[in-house]
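S.K.: File structure_8.tsv follows (TSV, C-alpha atoms):
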chain	number	residue	atom	x	y	z
A	1	MET	CA	-76.26	-80.39	35.29
A	2	PRO	CA	-79.84	-81.01	34.18
A	3	ASP	CA	-80.26	-77.25	34.06
A	4	ASN	CA	-79.63	-77.18	30.29
A	5	ALA	CA	-83.36	-77.54	29.70
A	6	HIS	CA	-83.37	-73.94	28.51
A	7	ASN	CA	-81.04	-74.63	25.57
A	8	GLU	CA	-82.42	-74.30	22.12
A	9	PRO	CA	-82.97	-77.72	20.63
A	10	GLY	CA	-80.92	-77.12	17.45
A	11	ASN	CA	-77.49	-77.00	19.16
A	12	HIS	CA	-74.54	-79.13	18.10
A	13	SER	CA	-73.34	-81.78	20.53
A	14	SER	CA	-69.89	-80.14	20.80
A	15	ASP	CA	-71.58	-76.92	21.87
A	16	GLU	CA	-73.46	-78.78	24.55
A	17	ALA	CA	-70.30	-80.49	25.76
A	18	ALA	CA	-68.55	-77.13	26.07
A	19	LEU	CA	-71.53	-75.71	27.88
A	20	SER	CA	-71.76	-78.55	30.34
A	21	ALA	CA	-68.01	-78.28	31.00
A	22	ARG	CA	-68.44	-74.61	31.75
A	23	LEU	CA	-71.39	-75.37	34.00
A	24	ARG	CA	-69.39	-77.94	35.91
A	25	ARG	CA	-66.49	-75.50	36.34
A	26	LEU	CA	-68.90	-72.86	37.61
A	27	GLY	CA	-70.46	-75.34	40.01
A	28	ASP	CA	-67.04	-76.29	41.35
A	29	GLU	CA	-66.09	-72.67	41.88
A	30	LEU	CA	-69.39	-71.97	43.61
A	31	GLY	CA	-68.89	-74.93	45.89
A	32	ARG	CA	-65.39	-73.78	46.81
A	33	GLU	CA	-66.62	-70.26	47.45
A	34	ARG	CA	-69.46	-71.51	49.63
A	35	SER	CA	-67.25	-73.76	51.74
A	36	SER	CA	-64.70	-71.00	52.29
A	37	ARG	CA	-67.48	-68.65	53.27
A	38	ALA	CA	-68.90	-71.19	55.68
A	39	GLN	CA	-65.51	-71.41	57.41
A	40	GLU	CA	-65.25	-67.75	58.30
A	41	THR	CA	-68.59	-67.81	60.19
A	42	GLU	CA	-70.73	-65.19	58.50
A	43	GLY	CA	-68.68	-62.00	58.28
A	44	PRO	CA	-69.23	-59.23	60.81
A	45	PRO	CA	-71.99	-59.81	63.37
A	46	PRO	CA	-74.80	-57.32	62.73
A	47	GLU	CA	-74.62	-56.35	66.38
A	48	SER	CA	-71.42	-54.43	65.74
A	49	VAL	CA	-73.10	-52.46	62.94
A	50	SER	CA	-76.05	-51.49	65.09
A	51	SER	CA	-76.26	-48.55	67.43
A	52	GLY	CA	-74.88	-48.74	70.93
A	53	MET	CA	-78.41	-48.40	72.22
A	54	ALA	CA	-79.40	-51.83	70.96
A	55	ARG	CA	-76.39	-53.34	72.68
A	56	GLY	CA	-77.12	-51.40	75.86
A	57	ILE	CA	-80.74	-52.57	75.95
A	58	ARG	CA	-79.61	-56.12	75.28
A	59	LEU	CA	-77.08	-56.28	78.13
A	60	SER	CA	-79.24	-54.42	80.63
A	61	THR	CA	-82.23	-56.66	80.00
A	62	GLU	CA	-80.03	-59.69	80.63
A	63	LEU	CA	-79.02	-58.37	84.05
A	64	VAL	CA	-82.50	-57.15	84.99
A	65	ALA	CA	-84.10	-60.43	83.90
A	66	GLY	CA	-81.83	-62.45	86.18
A	67	VAL	CA	-82.46	-60.24	89.20
A	68	LEU	CA	-86.20	-60.17	88.48
A	69	VAL	CA	-86.51	-63.95	88.26
A	70	GLY	CA	-84.51	-64.38	91.48
A	71	ALA	CA	-86.66	-61.85	93.30
A	72	LEU	CA	-89.89	-63.44	92.04
A	73	ILE	CA	-88.85	-66.94	93.08
A	74	GLY	CA	-87.64	-65.72	96.48
A	75	TRP	CA	-90.84	-63.78	97.09
A	76	GLY	CA	-92.94	-66.76	96.01
A	77	LEU	CA	-91.04	-69.10	98.33
A	78	ASP	CA	-91.50	-66.65	101.19
A	79	ARG	CA	-95.24	-66.54	100.60
A	80	TRP	CA	-95.49	-70.30	100.14
A	81	LEU	CA	-93.29	-71.54	102.97
A	82	GLY	CA	-93.62	-68.57	105.29
A	83	ILE	CA	-89.85	-68.13	105.69
A	84	SER	CA	-89.83	-64.41	105.03
A	85	PRO	CA	-87.41	-62.75	104.44
A	86	TRP	CA	-84.83	-65.49	103.86
A	87	GLY	CA	-86.10	-66.69	100.48
A	88	LEU	CA	-86.00	-63.19	99.07
A	89	ILE	CA	-82.50	-62.56	100.43
A	90	VAL	CA	-81.01	-65.78	99.13
A	91	PHE	CA	-82.72	-65.82	95.75
A	92	LEU	CA	-82.13	-62.13	95.10
A	93	LEU	CA	-78.40	-62.78	95.49
A	94	LEU	CA	-78.58	-65.91	93.33
A	95	GLY	CA	-80.62	-64.00	90.76
A	96	PHE	CA	-78.02	-61.26	90.68
A	97	ALA	CA	-75.33	-63.88	90.06
A	98	ALA	CA	-77.46	-65.38	87.27
A	99	GLY	CA	-77.92	-61.92	85.77
A	100	VAL	CA	-74.17	-61.29	85.77
A	101	LEU	CA	-73.67	-64.71	84.20
A	102	ASN	CA	-76.21	-63.79	81.50
A	103	VAL	CA	-74.42	-60.50	80.79
A	104	VAL	CA	-71.02	-62.17	80.58
A	105	ARG	CA	-72.40	-64.75	78.17
A	106	ALA	CA	-74.21	-62.17	76.05
A	107	ALA	CA	-71.13	-59.95	75.85
A	108	GLY	CA	-68.83	-62.89	75.27
A	109	GLU	CA	-70.80	-64.08	72.24
A	110	GLY	CA	-70.08	-60.86	70.39
A	111	SER	CA	-66.36	-60.82	71.14
A	112	ASN	CA	-65.97	-64.51	70.25
A	113	ASN	CA	-67.45	-63.88	66.84
A	114	ARG	CA	-65.12	-61.01	66.14
A	115	THR	CA	-61.85	-62.78	66.85
B	11	MET	CA	-97.77	-31.76	72.96
B	12	ALA	CA	-99.74	-34.86	72.07
B	13	ASP	CA	-99.34	-37.99	74.11
B	14	PRO	CA	-96.52	-40.20	72.73
B	15	ILE	CA	-98.02	-43.32	74.30
B	16	HIS	CA	-101.36	-42.84	72.56
B	17	GLN	CA	-100.14	-44.64	69.43
B	18	PHE	CA	-99.92	-47.92	71.33
B	19	GLN	CA	-103.52	-47.90	72.49
B	20	ILE	CA	-105.47	-51.07	71.78
B	21	LYS	CA	-108.94	-50.45	70.39
B	22	PRO	CA	-111.53	-53.15	69.84
B	23	LEU	CA	-112.57	-53.21	66.22
B	24	LEU	CA	-115.11	-56.02	66.53
B	25	PRO	CA	-116.48	-56.37	70.07
B	26	LEU	CA	-116.83	-60.03	70.96
B	27	GLY	CA	-117.11	-62.09	74.09
B	28	GLY	CA	-118.95	-59.63	76.35
B	29	ASP	CA	-117.48	-59.55	79.84
B	30	ILE	CA	-114.13	-61.21	79.19
B	31	HIS	CA	-113.33	-59.04	76.15
B	32	LEU	CA	-112.16	-61.47	73.51
B	33	ASP	CA	-112.48	-58.56	71.08
B	34	PHE	CA	-110.95	-58.46	67.65
B	35	THR	CA	-108.65	-55.49	68.26
B	36	ASN	CA	-106.41	-53.40	66.06
B	37	SER	CA	-103.55	-55.52	67.41
B	38	SER	CA	-105.22	-58.69	66.15
B	39	PHE	CA	-105.85	-57.00	62.83
B	40	TYR	CA	-102.18	-56.12	62.34
B	41	MET	CA	-101.11	-59.62	63.38
B	42	LEU	CA	-103.43	-61.04	60.75
B	43	LEU	CA	-102.07	-58.50	58.28
B	44	ALA	CA	-98.49	-59.62	58.97
B	45	VAL	CA	-99.47	-63.24	58.46
B	46	GLY	CA	-101.35	-62.31	55.31
B	47	ILE	CA	-98.44	-60.35	53.83
B	48	THR	CA	-96.00	-63.17	54.60
B	49	GLY	CA	-98.35	-65.76	53.14
B	50	ALA	CA	-98.99	-63.69	50.03
B	51	LEU	CA	-95.25	-63.13	49.56
B	52	MET	CA	-94.45	-66.82	49.84
B	53	LEU	CA	-97.39	-68.00	47.73
B	54	GLY	CA	-96.80	-65.32	45.13
B	55	ALA	CA	-93.11	-66.16	44.99
B	56	THR	CA	-93.64	-69.87	44.50
B	57	ALA	CA	-96.60	-69.60	42.12
B	58	SER	CA	-94.38	-69.41	39.04
B	59	ARG	CA	-91.03	-70.90	39.96
B	60	ARG	CA	-88.19	-70.15	37.60
B	61	ILE	CA	-84.48	-70.90	37.61
B	62	VAL	CA	-83.76	-67.24	37.09
B	63	PRO	CA	-85.95	-65.81	39.84
B	64	SER	CA	-88.35	-62.95	39.38
B	65	ARG	CA	-88.13	-60.05	41.85
B	66	ILE	CA	-90.68	-61.36	44.32
B	67	GLN	CA	-89.24	-64.85	44.09
B	68	SER	CA	-85.74	-63.58	44.86
B	69	VAL	CA	-87.09	-61.78	47.94
B	70	ALA	CA	-88.60	-65.03	49.20
B	71	GLU	CA	-85.44	-66.98	48.36
B	72	LEU	CA	-83.35	-64.37	50.17
B	73	ALA	CA	-85.50	-64.73	53.30
B	74	TYR	CA	-85.33	-68.51	53.11
B	75	GLU	CA	-81.55	-68.59	52.61
B	76	PHE	CA	-81.03	-66.08	55.41
B	77	VAL	CA	-82.96	-68.03	58.01
B	78	ALA	CA	-81.60	-71.38	56.81
B	79	ASP	CA	-78.01	-70.07	57.04
B	80	THR	CA	-78.67	-68.73	60.53
B	81	ILE	CA	-79.96	-72.11	61.66
B	82	ARG	CA	-77.11	-74.04	60.02
B	83	ASN	CA	-74.49	-71.78	61.58
B	84	THR	CA	-75.87	-71.87	65.12
B	85	ILE	CA	-77.42	-75.34	65.43
B	86	GLY	CA	-76.06	-77.27	62.49
B	87	GLU	CA	-77.84	-79.41	59.93
B	88	GLY	CA	-79.88	-81.14	62.65
B	89	GLY	CA	-81.58	-77.86	63.48
B	90	MET	CA	-83.35	-77.70	60.14
B	91	LYS	CA	-86.29	-79.59	61.66
B	92	PHE	CA	-87.03	-76.35	63.50
B	93	PHE	CA	-86.94	-74.34	60.29
B	94	PRO	CA	-90.74	-73.85	60.07
B	95	LEU	CA	-90.89	-72.46	63.60
B	96	VAL	CA	-87.87	-70.19	63.25
B	97	PHE	CA	-88.86	-68.96	59.81
B	98	SER	CA	-92.41	-68.17	60.95
B	99	LEU	CA	-91.11	-66.25	63.95
B	100	PHE	CA	-88.63	-64.29	61.84
B	101	MET	CA	-91.12	-63.34	59.12
B	102	PHE	CA	-93.88	-62.51	61.60
B	103	ILE	CA	-91.65	-60.19	63.63
B	104	LEU	CA	-89.97	-58.63	60.60
B	105	VAL	CA	-93.18	-57.95	58.69
B	106	SER	CA	-95.08	-56.57	61.67
B	107	ASN	CA	-92.12	-54.34	62.59
B	108	VAL	CA	-91.86	-52.96	59.07
B	109	VAL	CA	-95.62	-52.48	58.77
B	110	GLY	CA	-95.53	-50.64	62.09
B	111	LEU	CA	-93.06	-48.13	60.65
B	112	ILE	CA	-95.59	-46.88	58.09
B	113	PRO	CA	-97.20	-43.75	59.57
B	114	TYR	CA	-100.52	-44.27	61.38
B	115	GLN	CA	-99.99	-48.03	61.52
B	116	PHE	CA	-99.99	-50.03	64.73
B	117	THR	CA	-96.83	-51.80	65.92
B	118	VAL	CA	-97.75	-55.22	67.26
B	119	MET	CA	-94.33	-55.86	68.82
B	120	SER	CA	-94.57	-52.75	71.02
B	121	HIS	CA	-96.76	-54.71	73.43
B	122	ILE	CA	-94.89	-56.93	75.84
B	123	ILE	CA	-97.69	-59.47	75.97
B	124	VAL	CA	-97.11	-60.30	72.30
B	125	THR	CA	-93.34	-60.64	72.55
B	126	ALA	CA	-93.69	-62.55	75.83
B	127	ALA	CA	-96.06	-65.01	74.18
B	128	LEU	CA	-93.53	-65.57	71.38
B	129	ALA	CA	-90.65	-65.95	73.85
B	130	LEU	CA	-92.64	-68.40	75.99
B	131	LEU	CA	-93.45	-70.40	72.87
B	132	VAL	CA	-89.71	-70.80	72.27
B	133	PHE	CA	-89.05	-71.46	75.96
B	134	PHE	CA	-91.59	-74.29	76.21
B	135	THR	CA	-90.50	-75.71	72.87
B	136	VAL	CA	-86.97	-75.95	74.26
B	137	ILE	CA	-88.13	-77.61	77.50
B	138	ILE	CA	-90.55	-80.07	75.93
B	139	TYR	CA	-88.33	-81.01	73.01
B	140	GLY	CA	-85.27	-81.16	75.26
B	141	PHE	CA	-86.90	-83.66	77.63
B	142	TRP	CA	-88.46	-85.63	74.77
B	143	LYS	CA	-85.19	-85.92	72.89
B	144	ASN	CA	-82.65	-86.27	75.72
B	145	GLY	CA	-84.72	-87.51	78.63
B	146	LEU	CA	-83.02	-86.74	81.93
B	147	HIS	CA	-79.79	-85.87	80.11
B	148	PHE	CA	-81.43	-82.52	79.52
B	149	PHE	CA	-80.42	-81.62	83.09
B	150	ASN	CA	-76.80	-81.65	81.90
B	151	LEU	CA	-77.62	-78.18	80.65
B	152	PHE	CA	-77.50	-76.96	84.25
B	153	VAL	CA	-74.31	-78.79	85.20
B	154	PRO	CA	-71.23	-77.23	83.58
B	155	LYS	CA	-68.22	-79.49	83.30
B	156	GLY	CA	-65.10	-79.10	85.43
B	157	ILE	CA	-66.70	-77.52	88.49
B	158	PRO	CA	-65.50	-78.66	91.93
B	159	ILE	CA	-68.17	-80.68	93.70
B	160	TYR	CA	-68.45	-78.38	96.72
B	161	ILE	CA	-69.69	-75.35	94.77
B	162	LEU	CA	-71.71	-77.39	92.28
B	163	PRO	CA	-75.10	-76.91	94.04
B	164	LEU	CA	-74.64	-73.15	94.00
B	165	ILE	CA	-73.68	-73.17	90.31
B	166	VAL	CA	-76.68	-75.35	89.46
B	167	PHE	CA	-79.00	-72.89	91.19
B	168	ILE	CA	-77.47	-70.00	89.30
B	169	GLU	CA	-77.70	-71.87	85.99
B	170	VAL	CA	-81.35	-72.71	86.61
B	171	LEU	CA	-82.14	-69.08	87.40
B	172	SER	CA	-80.24	-68.00	84.30
B	173	PHE	CA	-82.29	-70.45	82.26
B	174	LEU	CA	-85.55	-69.19	83.76
B	175	SER	CA	-84.63	-65.59	83.03
B	176	ARG	CA	-84.28	-66.29	79.31
B	177	PRO	CA	-87.87	-65.66	78.22
B	178	ILE	CA	-87.85	-62.36	80.12
B	179	SER	CA	-84.77	-60.94	78.45
B	180	HIS	CA	-85.80	-62.53	75.15
B	181	SER	CA	-89.15	-60.74	75.13
B	182	VAL	CA	-88.21	-57.48	76.85
B	183	ARG	CA	-85.43	-56.80	74.34
B	184	LEU	CA	-87.71	-56.82	71.31
B	185	PHE	CA	-90.50	-54.98	73.11
B	186	ALA	CA	-88.24	-52.28	74.57
B	187	ASN	CA	-86.53	-51.60	71.25
B	188	MET	CA	-89.79	-51.18	69.36
B	189	LEU	CA	-91.43	-49.10	72.12
B	190	ALA	CA	-88.43	-46.82	72.59
B	191	GLY	CA	-87.96	-46.37	68.85
B	192	HIS	CA	-91.55	-45.40	68.21
B	193	ILE	CA	-91.70	-43.02	71.17
B	194	THR	CA	-88.48	-41.32	69.99
B	195	LEU	CA	-89.88	-40.98	66.48
B	196	PHE	CA	-93.10	-39.49	67.81
B	197	VAL	CA	-91.35	-36.98	70.06
B	198	PHE	CA	-89.05	-35.74	67.30
B	199	ALA	CA	-91.88	-35.55	64.81
B	200	SER	CA	-94.01	-33.56	67.25
B	201	PHE	CA	-91.16	-31.02	67.60
B	202	VAL	CA	-91.68	-30.28	63.91
B	203	THR	CA	-95.32	-29.31	64.38
B	204	MET	CA	-94.57	-27.38	67.58
B	205	LEU	CA	-91.82	-25.29	65.99
B	206	GLY	CA	-93.79	-24.95	62.78
B	207	GLY	CA	-96.54	-23.20	64.69
B	208	LEU	CA	-94.18	-20.43	65.84
B	209	GLY	CA	-94.03	-18.52	62.56
B	210	VAL	CA	-91.30	-18.02	59.96
B	211	LEU	CA	-88.39	-18.39	62.37
B	212	GLY	CA	-89.96	-21.60	63.68
B	213	TRP	CA	-90.10	-22.99	60.15
B	214	PHE	CA	-86.33	-22.75	59.89
B	215	GLY	CA	-85.98	-24.27	63.32
B	216	ALA	CA	-88.32	-27.08	62.36
B	217	THR	CA	-86.01	-28.31	59.59
B	218	LEU	CA	-83.61	-29.71	62.18
B	219	PRO	CA	-86.05	-32.11	63.89
B	220	LEU	CA	-87.48	-32.94	60.45
B	221	ALA	CA	-84.06	-34.03	59.22
B	222	LEU	CA	-83.59	-35.99	62.43
B	223	THR	CA	-86.94	-37.68	61.96
B	224	VAL	CA	-85.97	-38.77	58.47
B	225	ALA	CA	-82.69	-40.16	59.82
B	226	LEU	CA	-84.54	-41.87	62.66
B	227	VAL	CA	-86.91	-43.59	60.26
B	228	GLY	CA	-83.87	-45.07	58.53
B	229	LEU	CA	-82.45	-46.16	61.88
B	230	GLU	CA	-85.79	-47.66	62.89
B	231	LEU	CA	-85.90	-49.64	59.67
B	232	LEU	CA	-82.52	-51.07	60.64
B	233	VAL	CA	-83.73	-51.76	64.18
B	234	ALA	CA	-86.88	-53.45	62.86
B	235	PHE	CA	-84.78	-55.85	60.85
B	236	LEU	CA	-82.07	-56.25	63.47
B	237	GLN	CA	-84.44	-57.05	66.30
B	238	ALA	CA	-86.18	-59.67	64.19
B	239	TYR	CA	-82.75	-61.13	63.48
B	240	VAL	CA	-81.67	-60.99	67.14
B	241	PHE	CA	-84.88	-62.70	68.23
B	242	THR	CA	-84.29	-65.37	65.59
B	243	ILE	CA	-80.66	-66.01	66.47
B	244	LEU	CA	-81.47	-66.22	70.19
B	245	THR	CA	-84.23	-68.68	69.35
B	246	CYS	CA	-81.61	-70.73	67.50
B	247	ILE	CA	-79.18	-70.57	70.43
B	248	TYR	CA	-81.88	-71.73	72.85
B	249	LEU	CA	-83.02	-74.51	70.51
B	250	ASN	CA	-79.39	-75.58	70.26
B	251	ASP	CA	-79.47	-76.21	74.01
B	252	ALA	CA	-82.49	-78.46	73.54
B	253	LEU	CA	-80.68	-80.47	70.86
B	254	HIS	CA	-77.26	-80.61	72.51
B	255	PRO	CA	-77.50	-80.09	76.29
B	256	GLY	CA	-74.23	-80.19	78.19
B	257	HIS	CA	-72.01	-77.45	76.80
Written as structure tokens, how would this file's structure read?
M.R.:
Amino acid sequence: MPDNAHNEPGNHSSDEAALSARLRRLGDELGRERSSRAQETEGPPPESVSSGMARGIRLSTELVAGVLVGALIGWGLDRWLGISPWGLIVFLLLGFAAGVLNVVRAAGEGSNNRT
Amino acid sequence: MADPIHQFQIKPLLPLGGDIHLDFTNSSFYMLLAVGITGALMLGATASRRIVPSRIQSVAELAYEFVADTIRNTIGEGGMKFFPLVFSLFMFILVSNVVGLIPYQFTVMSHIIVTAALALLVFFTVIIYGFWKNGLHFFNLFVPKGIPIYILPLIVFIEVLSFLSRPISHSVRLFANMLAGHITLFVFASFVTMLGGLGVLGWFGATLPLALTVALVGLELLVAFLQAYVFTILTCIYLNDALHPGH
């Protein structure tokens, strides 16, 4: 409402009243528009617009990252505790499970947004 | 054919530090350039603020609104305290990706050490802030609700591993996209010069990879923006875990 600072000073008061009424109406409409837009959670996710390669890289890195972390921890435990090869075996499997969990989560995010 | 990896070589511009090589490299230069461009954009945009924005001001407002909307949608209003971090990450990645697309310029994000440093920054922010804000309740993050007690230890292990793998996938994704994109661009562009050297028939043949290169530049521009956005939104998702652990 205080945005009328740009008005020329010579205006009649009725003119200003009409203008402020219009401003208020515009503000109301903008507010309604904004709230309705906020409800439908940001249109299409950009992921769906992008190439399949981006999606492929995304999902494969999720899986590889899980396996890699599991293997690293298992190998480290083997070195540290001298229980080779059990740490590697157990944590590689756990890491694979974590990787699959990552992939499911990453893929699920996209499909949740779309529905 | 020229070496497609050569474009990612790091050269010291200002040798410093002797044996441990703390040189000011071309990578450091382009990082500083990205910071400089972002700073100039923001300072220039806010120098003469107007209600009806000028062009540069509307660019800055667009960037602000975009990041602020992303944070509000993923974390909620409480996430706005992380706005400076998220906005800096987004602008740094976006600007350095776009600068890297200009021919003969260096792409900072094509080195995994850079993206890994950014991902680890987010990772440690999540851990430190999560423990500071929630105390030991932060461990709820690793304990999903409604799991029978006898498989809970297994699930907790898997959740912890999944949490630890975040910075890897977070950094590799950005790095791999930029590296792959720039190598593809280089290979297609070098087909143009190879075919162009074959005479008149080669010139006609060279139009095909040339057209593809033009299309690829457009795609890379999209990827540059998209990867900055993906990095940002993942940062928001991870920060959300720090604010509200326990799904």
S.K.: Which residue gives the smallest distance to chain A among B:Tyr139, B:Phe116, B:Phe214, B:Phe76, with all atoms listed in the file counted?
M.R.: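 Smallest distance to chain A is found for B:Phe76.
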S.K.: What's the 8 Å shell around range 158-171 of chain B, counting all atoms listed in the file, without same-chain residues fewer than 5 positions away, as a PyMOL selection string?
M.R.: (chain A and resi 66+69-70+94-95+97-98) or (chain B and resi 152-153)
S.K.: Residues of chain B within 9 Å of chain A: nearest atom pair and distance (Å, one decimal) for each, counting only C-alpha atoms, sorted by chain and number, as a Markdown table?
M.R.:
| residue | atom | partner | partner_atom | distance |
| --- | --- | --- | --- | --- |
| B:Ile61 | CA | A:Asp3 | CA | 8.4 |
| B:Asp79 | CA | A:Glu42 | CA | 8.9 |
| B:Thr80 | CA | A:Glu42 | CA | 8.9 |
| B:Asn83 | CA | A:Thr41 | CA | 7.2 |
| B:Leu164 | CA | A:Leu94 | CA | 8.3 |
| B:Phe167 | CA | A:Leu94 | CA | 7.3 |
| B:Ile168 | CA | A:Ala98 | CA | 5.0 |
| B:Glu169 | CA | A:Ala98 | CA | 6.6 |
| B:Val170 | CA | A:Ala98 | CA | 8.3 |
| B:Leu171 | CA | A:Ala98 | CA | 6.0 |
| B:Ser172 | CA | A:Ala98 | CA | 4.8 |
| B:Phe173 | CA | A:Ala98 | CA | 8.6 |
| B:Leu174 | CA | A:Val69 | CA | 7.0 |
| B:Ser175 | CA | A:Gly66 | CA | 5.3 |
| B:Arg176 | CA | A:Ala65 | CA | 7.4 |
| B:Pro177 | CA | A:Ala65 | CA | 8.6 |
| B:Ile178 | CA | A:Ala65 | CA | 5.7 |
| B:Ser179 | CA | A:Thr61 | CA | 5.2 |
| B:His180 | CA | A:Thr61 | CA | 8.4 |
| B:Val182 | CA | A:Thr61 | CA | 6.8 |
| B:Arg183 | CA | A:Arg58 | CA | 5.9 |
| B:Ala186 | CA | A:Ile57 | CA | 7.6 |
| B:Asn187 | CA | A:Ala54 | CA | 7.1 |
| B:Leu229 | CA | A:Ser51 | CA | 8.7 |
| B:Leu232 | CA | A:Ser50 | CA | 7.9 |
| B:Val233 | CA | A:Ser50 | CA | 7.7 |
| B:Leu236 | CA | A:Pro46 | CA | 7.4 |
| B:Gln237 | CA | A:Ala54 | CA | 8.6 |
| B:Tyr239 | CA | A:Pro46 | CA | 8.8 |
| B:Val240 | CA | A:Glu47 | CA | 8.5 |
S.K.: Just the number, please: distance in Å from CA of Gly87 in chain A to CA of Gly74 in chain A, one decimal.
M.R.: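 So the answer is 4.4 Å.
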S.K.: Interatomic distance between CA of Val96 in chain B and CA of Ile47 in chain B?
M.R.: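 A separation of 17.2 Å between them.
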S.K.: Could you jot down the CA of Met204 in chain B to CA of Ala190 in chain B separation for me, Å, one decimal place?
M.R.: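 Separating CA of Met204 in chain B from CA of Ala190 in chain B is a distance of 21.0 Å.
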S.K.: From the list B:Phe185, B:Leu220, B:Leu131, B:Phe18, which residue is nearest Val202 in chain B when using all atoms listed in the file?
M.R.: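 Checking each candidate against Val202 in chain B, we get B:Leu220 as the closest.
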S.K.: Could you check which of B:Gly191, B:Pro219, B:Pro255, B:Gly28 is closest to Asn107 in chain B, using all atoms listed in the file?
M.R.: B:Gly191
S.K.: Grab all the atoms of range 67-72 of chain B that the file lists, wrap them in a box along x, y and z, add 6 Å per side, and give me centre plus edge lengths in Å (one decimal) as JSON.
M.R.:
{"center_x": -86.3, "center_y": -64.4, "center_z": 47.1, "size_x": 17.9, "size_y": 17.2, "size_z": 18.1}
S.K.: List the spatial neighbours of Phe241 in chain B as a ChimeraX atom specification - criterion: any atom at most 9 Å away, all atoms listed in the file, same-chain residues fewer than 3 positions off excluded.
M.R.: /B:99-100,103,129,180-181,183-184,236-238,244-246
S.K.: Which residue, B:Ala225, B:Thr217, B:Val109, B:Ile247, has the smallest gap to Thr194 in chain B when you use all atoms listed in the file?
M.R.: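 Result for the nearest residue to Thr194 in chain B: B:Ala225.
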